[in-house]
Amino acid sequence: MSGISFHINNLFKRPGEGANTRFLDLEAAEKARGFHATFKEYQRTPFIPLPNLARHLGIGQLFIKDESYRFGLNAFKVLGASYAIAQYLAHMLGRDVSEVSGEKLRSPYLRKKLGKITFATATDGNHGRAVAWTAQQLGQRSVVYMPKGSDPVRLENIRVHGAEASITEFNYDETVRMTFQVAQDNGWVVVQDTAWPGYEDIPRWIMQGYTTLALEFMEQLQEQGIYCPTHIFLQAGVGSFAASVLGFLASYLGDDLPATVIVEPDTANCIYRSAKIDNGKPHAVKGDLKTIMAGLACGEPNIIGWEILRDYARAYVSCPDWVAANGMRILAAPLRGDTPIISGESGAVTCGVLEQLMVNPDYAEIRAAIGLNSKSVVVLISTEGDTSPPTYRDIVWYGKHSPFSSNLSQS
Ligand SMILES: Cc1ncc(COP(=O)(O)O)c(C=O)c1O
């Protein structure tokens with residue numbers, strides 16, 4: 001059975017002494033949440049304690065933020081897409097985003113002023129669904145391209161929101177480049193959840209949008225009398241999500257920043273590899289990026305996010321698919337007394353890593369290096385539910401991607 005690789009960041013910096021996180025501070029998060037709260041679908045997603053699993057693993061407390069409840073869309077991604085599109089439209093109108101709301105942006109008056117806009121994106125599924133949903137809500141048009149091998153169920157979930165969506169012949173990063181080309185030729189606006197030199201406003205707004213969930217779980221934790229977690233595990237594709245949560249926590253908590261562990265699939269581990277190469281720069285992973293963790297199958301780090309992850313994360317993890325599958329099964333069939341959680345492949349991988357880290361004797365040194373012990377308060381974020389129900393059943397019901405058969409081919 002193939003194992004999990006860890007890389008400890010011995011050079012992590014104190015908040016404020018490394019990458020800039022001011023754009024993800026409390027004020028930015030409150031502004032983003034203020035916009036999200038203008039949608040009738042908005043409510044805080046559940047923050048679920050799993051005391052029996054925590055005891056079993058030998059940690060103090062464990063909480064899971066369940067993003068499958070977000071806006072009825074089964075994933076957290078709409079927080080980013082909706083906020084970036086709102087920021088873009090507010091800029092077009094010469095207003096601050098705090099002056100617009102979902103309702104105002106879909107009003108006939110503002111729609112006439114804005115004209116018909118097409119928002120385009122490349123996506124594994126969740127982000128495309130989020131862009132399509134937002135465009136539909138605001139009476140605009142969307143075009144979505146998915147990488148080769150994308151799940152037809154996820155494609156349909158995007159089309160349901162009125163998007164013109166299709167699966168391409170390219171991997172994720174190539175699909176992003178193609179999307180830009182087609183958008184440029186047609187005068188569309190690209191809403192991409194990753195940044196590179198010259199394309200930074202929209203990804204920065206997307207990252208600000210994600211801070212809503214971090215603000216929520218800090219409130220939810222504090223309502224239980226706990227000031228902050230000691231540890232947080234964040235899954236990464238391009239790293240925008242992980243960096244936005246870590247950046248928010250760094251600016252909000254300063255020296256109380258929890259030890260943060262970044263988790264990726266071993267076939268698309270661009271953050272892990274960049275950290276290991278250790279020359280301060282982001283490095284890409286090429287190839288098909290084949291993994292069941294569709295949301296994390298990205299080979300090129302977001303350049304803004306990378307700097308935050310490089311400076312403030314405590315450890316990086318690269319893991320095979322069976323770890324994510326285990327996380328899904330553990331959350332679906334918990335210990336007696338704990339609440340079951342429907343978590344998809346990208347959502348559950350951090351739970352799979354935490355379980356192995358705590359129960360596998362081979363990882364005792366890693367546990368000690370990051371200070372995980374019986375006093376730890378750990379937060380995980382289940383970033384998606386069963387975004388592909390047939391795949392979810394194959395894994396959770398029929399045991400696909402089991403650690404005991406991980407050397408067999410299970411495509
Ligand atoms: C469910 C899920 N979790 C996590 C991520 C990772 O986000 P990022 O690409 O910003 O690292 C994604 C990205 O699409 C996702 O869909």
# chains A, B, ... in the order shown; residues from 1 in each chain; ligands from 1
call {"tool": "residues_near_ligand", "arguments": {"ligand": "ligand 1", "cutoff": "9 Å", "atoms": "only C-alpha atoms and all ligand atoms", "output": "PyMOL selection string"}}
result
chain A and resi 67+74-77+123-128+193-194+206-207+234-244+264+293-298+301-302+305+344-348+381-385+387
call {"tool": "residues_around", "arguments": {"residues": "Trp397 in chain A", "least_positions_apart": "3", "cutoff": "12 Å", "atoms": "only C-alpha atoms", "output": "PyMOL selection string"}}
result
chain A and resi 325-326+328-330+332-333+389-394+400-402
call {"tool": "select_by_dssp", "arguments": {"residues": "range 186-304 of chain A", "states": "helix (DSSP H, G or I)", "output": "PyMOL selection string"}}
result
chain A and resi 186+201-223+240-256+270-277+294-296+303-304
call {"tool": "closest_residue", "arguments": {"among": "A:His231, A:Lys104, A:Lys375, A:Arg310", "to": "Ile277 in chain A", "atoms": "only C-alpha atoms"}}
result
A:Arg310
call {"tool": "residues_around", "arguments": {"residues": "range 91-99 of chain A", "least_positions_apart": "3", "cutoff": "9 Å", "atoms": "only C-alpha atoms", "output": "short mmCIF file (atom, residue, chain, number, x, y, z; two decimals) with N, CA and C atoms, in the first residue's frame"}}
result
data_model
loop_
_atom_site.label_atom_id
_atom_site.label_comp_id
_atom_site.auth_asym_id
_atom_site.auth_seq_id
_atom_site.Cartn_x
_atom_site.Cartn_y
_atom_site.Cartn_z
N LYS A 31 -16.67 42.01 5.15
CA LYS A 31 -17.25 42.59 3.94
C LYS A 31 -17.76 41.47 3.01
N ALA A 32 -16.94 40.43 2.88
CA ALA A 32 -17.35 39.30 2.02
C ALA A 32 -18.60 38.65 2.60
N GLY A 34 -20.77 39.98 4.49
CA GLY A 34 -21.88 40.93 4.33
C GLY A 34 -22.53 40.77 2.96
N PHE A 35 -21.72 40.58 1.93
CA PHE A 35 -22.30 40.38 0.60
C PHE A 35 -23.02 39.04 0.53
N TYR A 83 -18.58 36.25 -4.87
CA TYR A 83 -17.97 37.50 -4.38
C TYR A 83 -17.13 38.16 -5.49
N ALA A 86 -19.47 39.74 -7.94
CA ALA A 86 -20.06 40.96 -7.35
C ALA A 86 -19.05 42.10 -7.36
N GLN A 87 -17.80 41.80 -7.01
CA GLN A 87 -16.76 42.84 -7.02
C GLN A 87 -16.57 43.38 -8.43
N TYR A 88 -16.55 42.48 -9.40
CA TYR A 88 -16.35 42.89 -10.79
C TYR A 88 -17.49 43.82 -11.23
N LEU A 110 -30.22 47.80 -12.94
CA LEU A 110 -28.77 47.58 -12.99
C LEU A 110 -28.37 46.63 -14.11
N LYS A 113 -28.05 48.65 -17.15
CA LYS A 113 -26.83 49.46 -17.07
C LYS A 113 -25.58 48.62 -17.38
N LEU A 114 -25.58 47.39 -16.87
CA LEU A 114 -24.40 46.53 -17.02
C LEU A 114 -24.31 45.90 -18.40
#
call {"tool": "residues_around", "arguments": {"residues": "Gly139 in chain A", "least_positions_apart": "4", "cutoff": "10 Å", "atoms": "only C-alpha atoms", "output": "number ranges by chain"}}
result
A: 105-108, 111, 116-117, 133-135
call {"tool": "closest_residue", "arguments": {"among": "A:Gly280, A:Pro320, A:Pro258, A:Gly58", "to": "Val379 in chain A", "atoms": "only C-alpha atoms"}}
result
A:Pro258
call {"tool": "closest_residue", "arguments": {"among": "A:Glu223, A:Asp288, A:Asp362, A:Asp185", "to": "Ser5 in chain A", "atoms": "only C-alpha atoms"}}
result
A:Asp362
call {"tool": "residues_around", "arguments": {"residues": "His7 in chain A", "least_positions_apart": "4", "cutoff": "8 Å", "atoms": "only C-alpha atoms", "output": "VMD selection string"}}
result
chain A and resid 272 275 to 276 315 to 317
call {"tool": "write_last_selection", "arguments": {"atoms": "all heavy atoms", "output": "PDB file, in the first residue's frame"}}
result
ATOM      1  N   TYR A 272       3.218  20.879  -2.178  1.00  0.00           N
ATOM      2  CA  TYR A 272       4.162  20.005  -1.467  1.00  0.00           C
ATOM      3  C   TYR A 272       5.522  20.023  -2.166  1.00  0.00           C
ATOM      4  O   TYR A 272       6.559  20.206  -1.540  1.00  0.00           O
ATOM      5  CB  TYR A 272       3.569  18.586  -1.430  1.00  0.00           C
ATOM      6  CG  TYR A 272       4.507  17.513  -0.967  1.00  0.00           C
ATOM      7  CD1 TYR A 272       4.656  17.226   0.390  1.00  0.00           C
ATOM      8  CD2 TYR A 272       5.245  16.763  -1.880  1.00  0.00           C
ATOM      9  CE1 TYR A 272       5.517  16.227   0.822  1.00  0.00           C
ATOM     10  CE2 TYR A 272       6.106  15.771  -1.458  1.00  0.00           C
ATOM     11  CZ  TYR A 272       6.240  15.509  -0.107  1.00  0.00           C
ATOM     12  OH  TYR A 272       7.102  14.522   0.313  1.00  0.00           O
ATOM     13  N   ALA A 275       7.320  23.312  -1.830  1.00  0.00           N
ATOM     14  CA  ALA A 275       7.892  23.468  -0.483  1.00  0.00           C
ATOM     15  C   ALA A 275       9.157  22.638  -0.351  1.00  0.00           C
ATOM     16  O   ALA A 275      10.151  23.066   0.234  1.00  0.00           O
ATOM     17  CB  ALA A 275       6.863  23.051   0.565  1.00  0.00           C
ATOM     18  N   LYS A 276       9.143  21.439  -0.931  1.00  0.00           N
ATOM     19  CA  LYS A 276      10.324  20.565  -0.829  1.00  0.00           C
ATOM     20  C   LYS A 276      11.505  21.107  -1.612  1.00  0.00           C
ATOM     21  O   LYS A 276      12.650  21.040  -1.168  1.00  0.00           O
ATOM     22  CB  LYS A 276       9.967  19.166  -1.353  1.00  0.00           C
ATOM     23  CG  LYS A 276       9.601  18.226  -0.241  1.00  0.00           C
ATOM     24  CD  LYS A 276       9.690  16.797  -0.666  1.00  0.00           C
ATOM     25  CE  LYS A 276      10.820  16.166   0.125  1.00  0.00           C
ATOM     26  NZ  LYS A 276      10.668  14.760   0.365  1.00  0.00           N
ATOM     27  N   ALA A 315       3.315  22.284   7.823  1.00  0.00           N
ATOM     28  CA  ALA A 315       3.685  21.025   7.154  1.00  0.00           C
ATOM     29  C   ALA A 315       2.871  20.855   5.871  1.00  0.00           C
ATOM     30  O   ALA A 315       1.800  21.467   5.727  1.00  0.00           O
ATOM     31  CB  ALA A 315       3.438  19.851   8.090  1.00  0.00           C
ATOM     32  N   TYR A 316       3.396  20.045   4.962  1.00  0.00           N
ATOM     33  CA  TYR A 316       2.746  19.770   3.673  1.00  0.00           C
ATOM     34  C   TYR A 316       2.641  18.251   3.545  1.00  0.00           C
ATOM     35  O   TYR A 316       3.582  17.527   3.882  1.00  0.00           O
ATOM     36  CB  TYR A 316       3.578  20.335   2.525  1.00  0.00           C
ATOM     37  CG  TYR A 316       3.962  21.787   2.755  1.00  0.00           C
ATOM     38  CD1 TYR A 316       5.132  22.110   3.448  1.00  0.00           C
ATOM     39  CD2 TYR A 316       3.149  22.831   2.318  1.00  0.00           C
ATOM     40  CE1 TYR A 316       5.482  23.432   3.696  1.00  0.00           C
ATOM     41  CE2 TYR A 316       3.493  24.156   2.567  1.00  0.00           C
ATOM     42  CZ  TYR A 316       4.656  24.445   3.259  1.00  0.00           C
ATOM     43  OH  TYR A 316       5.007  25.755   3.515  1.00  0.00           O
ATOM     44  N   VAL A 317       1.512  17.803   3.005  1.00  0.00           N
ATOM     45  CA  VAL A 317       1.265  16.365   2.905  1.00  0.00           C
ATOM     46  C   VAL A 317       0.891  16.010   1.473  1.00  0.00           C
ATOM     47  O   VAL A 317       0.102  16.720   0.837  1.00  0.00           O
ATOM     48  CB  VAL A 317       0.095  15.964   3.845  1.00  0.00           C
ATOM     49  CG1 VAL A 317      -0.214  14.489   3.705  1.00  0.00           C
ATOM     50  CG2 VAL A 317       0.409  16.315   5.283  1.00  0.00           C
TER      51      VAL A 317
END
call {"tool": "closest_atom_pairs", "arguments": {"of": "range 301-368 of chain A", "to": "range 10-23 of chain A", "cutoff": "10 Å", "atoms": "only C-alpha atoms", "output": "Markdown table"}}
result
| residue | atom | partner | partner_atom | distance |
| --- | --- | --- | --- | --- |
| A:Ile304 | CA | A:Ala19 | CA | 8.8 |
| A:Gly305 | CA | A:Ala19 | CA | 9.2 |
| A:Trp306 | CA | A:Ala19 | CA | 9.2 |
| A:Glu307 | CA | A:Ala19 | CA | 5.7 |
| A:Ile308 | CA | A:Ala19 | CA | 5.4 |
| A:Leu309 | CA | A:Ala19 | CA | 8.8 |
| A:Arg310 | CA | A:Phe12 | CA | 7.4 |
| A:Asp311 | CA | A:Phe12 | CA | 5.1 |
| A:Tyr312 | CA | A:Phe12 | CA | 5.3 |
| A:Ala313 | CA | A:Phe12 | CA | 6.5 |
| A:Arg314 | CA | A:Phe12 | CA | 6.4 |
| A:Ala315 | CA | A:Asn10 | CA | 8.6 |
call {"tool": "select_by_dssp", "arguments": {"residues": "range 15-260 of chain A", "states": "strand (DSSP E or B)", "output": "tab-separated table (two decimals) with C-alpha atoms, in the first residue's frame"}}
result
chain	number	residue	atom	x	y	z
A	47	PHE	CA	-19.66	23.15	12.57
A	48	ILE	CA	-19.79	19.64	13.94
A	49	PRO	CA	-17.91	18.30	16.97
A	61	GLN	CA	-11.20	17.99	20.27
A	62	LEU	CA	-12.13	17.67	16.63
A	63	PHE	CA	-14.53	19.86	14.65
A	64	ILE	CA	-15.62	19.56	11.04
A	65	LYS	CA	-17.05	22.51	9.12
A	66	ASP	CA	-19.54	20.97	6.68
A	75	ALA	CA	-19.48	22.72	-1.91
A	118	THR	CA	-20.56	36.31	-20.22
A	119	PHE	CA	-18.50	34.85	-17.37
A	120	ALA	CA	-16.18	32.02	-18.41
A	121	THR	CA	-14.17	29.56	-16.36
A	122	ALA	CA	-12.22	26.32	-16.38
A	141	ARG	CA	-24.49	34.19	-19.03
A	142	SER	CA	-21.75	31.62	-18.27
A	143	VAL	CA	-19.48	29.30	-20.26
A	144	VAL	CA	-17.67	26.51	-18.42
A	145	TYR	CA	-14.88	24.21	-19.67
A	146	MET	CA	-13.88	21.07	-17.77
A	164	GLU	CA	-22.91	26.35	-21.71
A	165	ALA	CA	-20.61	23.64	-20.32
A	166	SER	CA	-18.38	21.01	-21.95
A	167	ILE	CA	-15.52	18.60	-21.24
A	189	VAL	CA	-14.84	37.86	-18.48
A	190	VAL	CA	-12.76	35.00	-17.05
A	196	TRP	CA	-0.60	34.34	-12.18
A	199	TYR	CA	-4.24	38.09	-13.54
A	231	HIS	CA	-4.25	22.74	14.40
A	232	ILE	CA	-6.00	23.05	11.08
A	233	PHE	CA	-5.69	20.82	8.02
A	234	LEU	CA	-6.45	22.44	4.64
A	235	GLN	CA	-6.73	20.66	1.32
A	259	ALA	CA	-0.21	24.81	13.16
A	260	THR	CA	-1.50	24.43	9.62
call {"tool": "atom_distance", "arguments": {"atom1": "CA of Thr45 in chain A", "atom2": "CA of Phe71 in chain A"}}
result
9.0 Å
call {"tool": "closest_residue", "arguments": {"among": "A:Leu354, A:Lys290, A:Cys270, A:Leu138", "to": "His161 in chain A", "atoms": "only C-alpha atoms"}}
result
A:Leu138
call {"tool": "atom_distance", "arguments": {"atom1": "CA of Val263 in chain A", "atom2": "CA of Thr350 in chain A"}}
result
6.6 Å
call {"tool": "residues_around", "arguments": {"residues": "range 213-220 of chain A", "least_positions_apart": "2", "cutoff": "9 Å", "atoms": "only C-alpha atoms", "output": "PyMOL selection string"}}
result
chain A and resi 26+29-30+33+44-47+65+67+76+79+209-211+222-224+226-229+244-246+248-249+379
call {"tool": "write_last_selection", "arguments": {"atoms": "C-alpha atoms", "output": "PDB file, in the first residue's frame"}}
result
ATOM      1  CA  LEU A  26     -11.125  40.590   9.511  1.00  0.00           C
ATOM      2  CA  ALA A  29     -13.874  38.809   5.710  1.00  0.00           C
ATOM      3  CA  GLU A  30     -16.731  40.804   7.222  1.00  0.00           C
ATOM      4  CA  ARG A  33     -19.768  37.778   4.517  1.00  0.00           C
ATOM      5  CA  ARG A  44     -23.740  29.562   8.420  1.00  0.00           C
ATOM      6  CA  THR A  45     -22.815  25.994   7.525  1.00  0.00           C
ATOM      7  CA  PRO A  46     -22.730  23.437  10.359  1.00  0.00           C
ATOM      8  CA  PHE A  47     -19.658  23.149  12.570  1.00  0.00           C
ATOM      9  CA  LYS A  65     -17.054  22.506   9.117  1.00  0.00           C
ATOM     10  CA  GLU A  67     -19.589  22.968   3.455  1.00  0.00           C
ATOM     11  CA  PHE A  76     -17.872  25.884  -0.548  1.00  0.00           C
ATOM     12  CA  LEU A  79     -18.331  31.846  -1.743  1.00  0.00           C
ATOM     13  CA  GLY A 209     -14.901  35.355  -0.702  1.00  0.00           C
ATOM     14  CA  TYR A 210     -13.663  32.119   0.882  1.00  0.00           C
ATOM     15  CA  THR A 211     -12.842  33.930   4.137  1.00  0.00           C
ATOM     16  CA  GLN A 222     -15.618  30.918  20.113  1.00  0.00           C
ATOM     17  CA  GLU A 223     -19.334  30.379  20.847  1.00  0.00           C
ATOM     18  CA  GLN A 224     -18.206  27.064  22.387  1.00  0.00           C
ATOM     19  CA  ILE A 226     -12.615  28.012  22.521  1.00  0.00           C
ATOM     20  CA  TYR A 227     -10.609  31.011  21.341  1.00  0.00           C
ATOM     21  CA  CYS A 228      -8.844  29.276  18.444  1.00  0.00           C
ATOM     22  CA  PRO A 229      -7.825  25.834  17.183  1.00  0.00           C
ATOM     23  CA  SER A 244      -7.350  32.324   2.087  1.00  0.00           C
ATOM     24  CA  VAL A 245      -8.158  30.456   5.321  1.00  0.00           C
ATOM     25  CA  LEU A 246      -4.524  30.505   6.465  1.00  0.00           C
ATOM     26  CA  PHE A 248      -7.275  35.132   7.367  1.00  0.00           C
ATOM     27  CA  LEU A 249      -6.151  33.226  10.472  1.00  0.00           C
ATOM     28  CA  VAL A 379     -10.433  21.894  12.750  1.00  0.00           C
TER      29      VAL A 379
END
call {"tool": "atom_distance", "arguments": {"atom1": "CA of Pro282 in chain A", "atom2": "CA of Ala250 in chain A"}}
result
20.5 Å
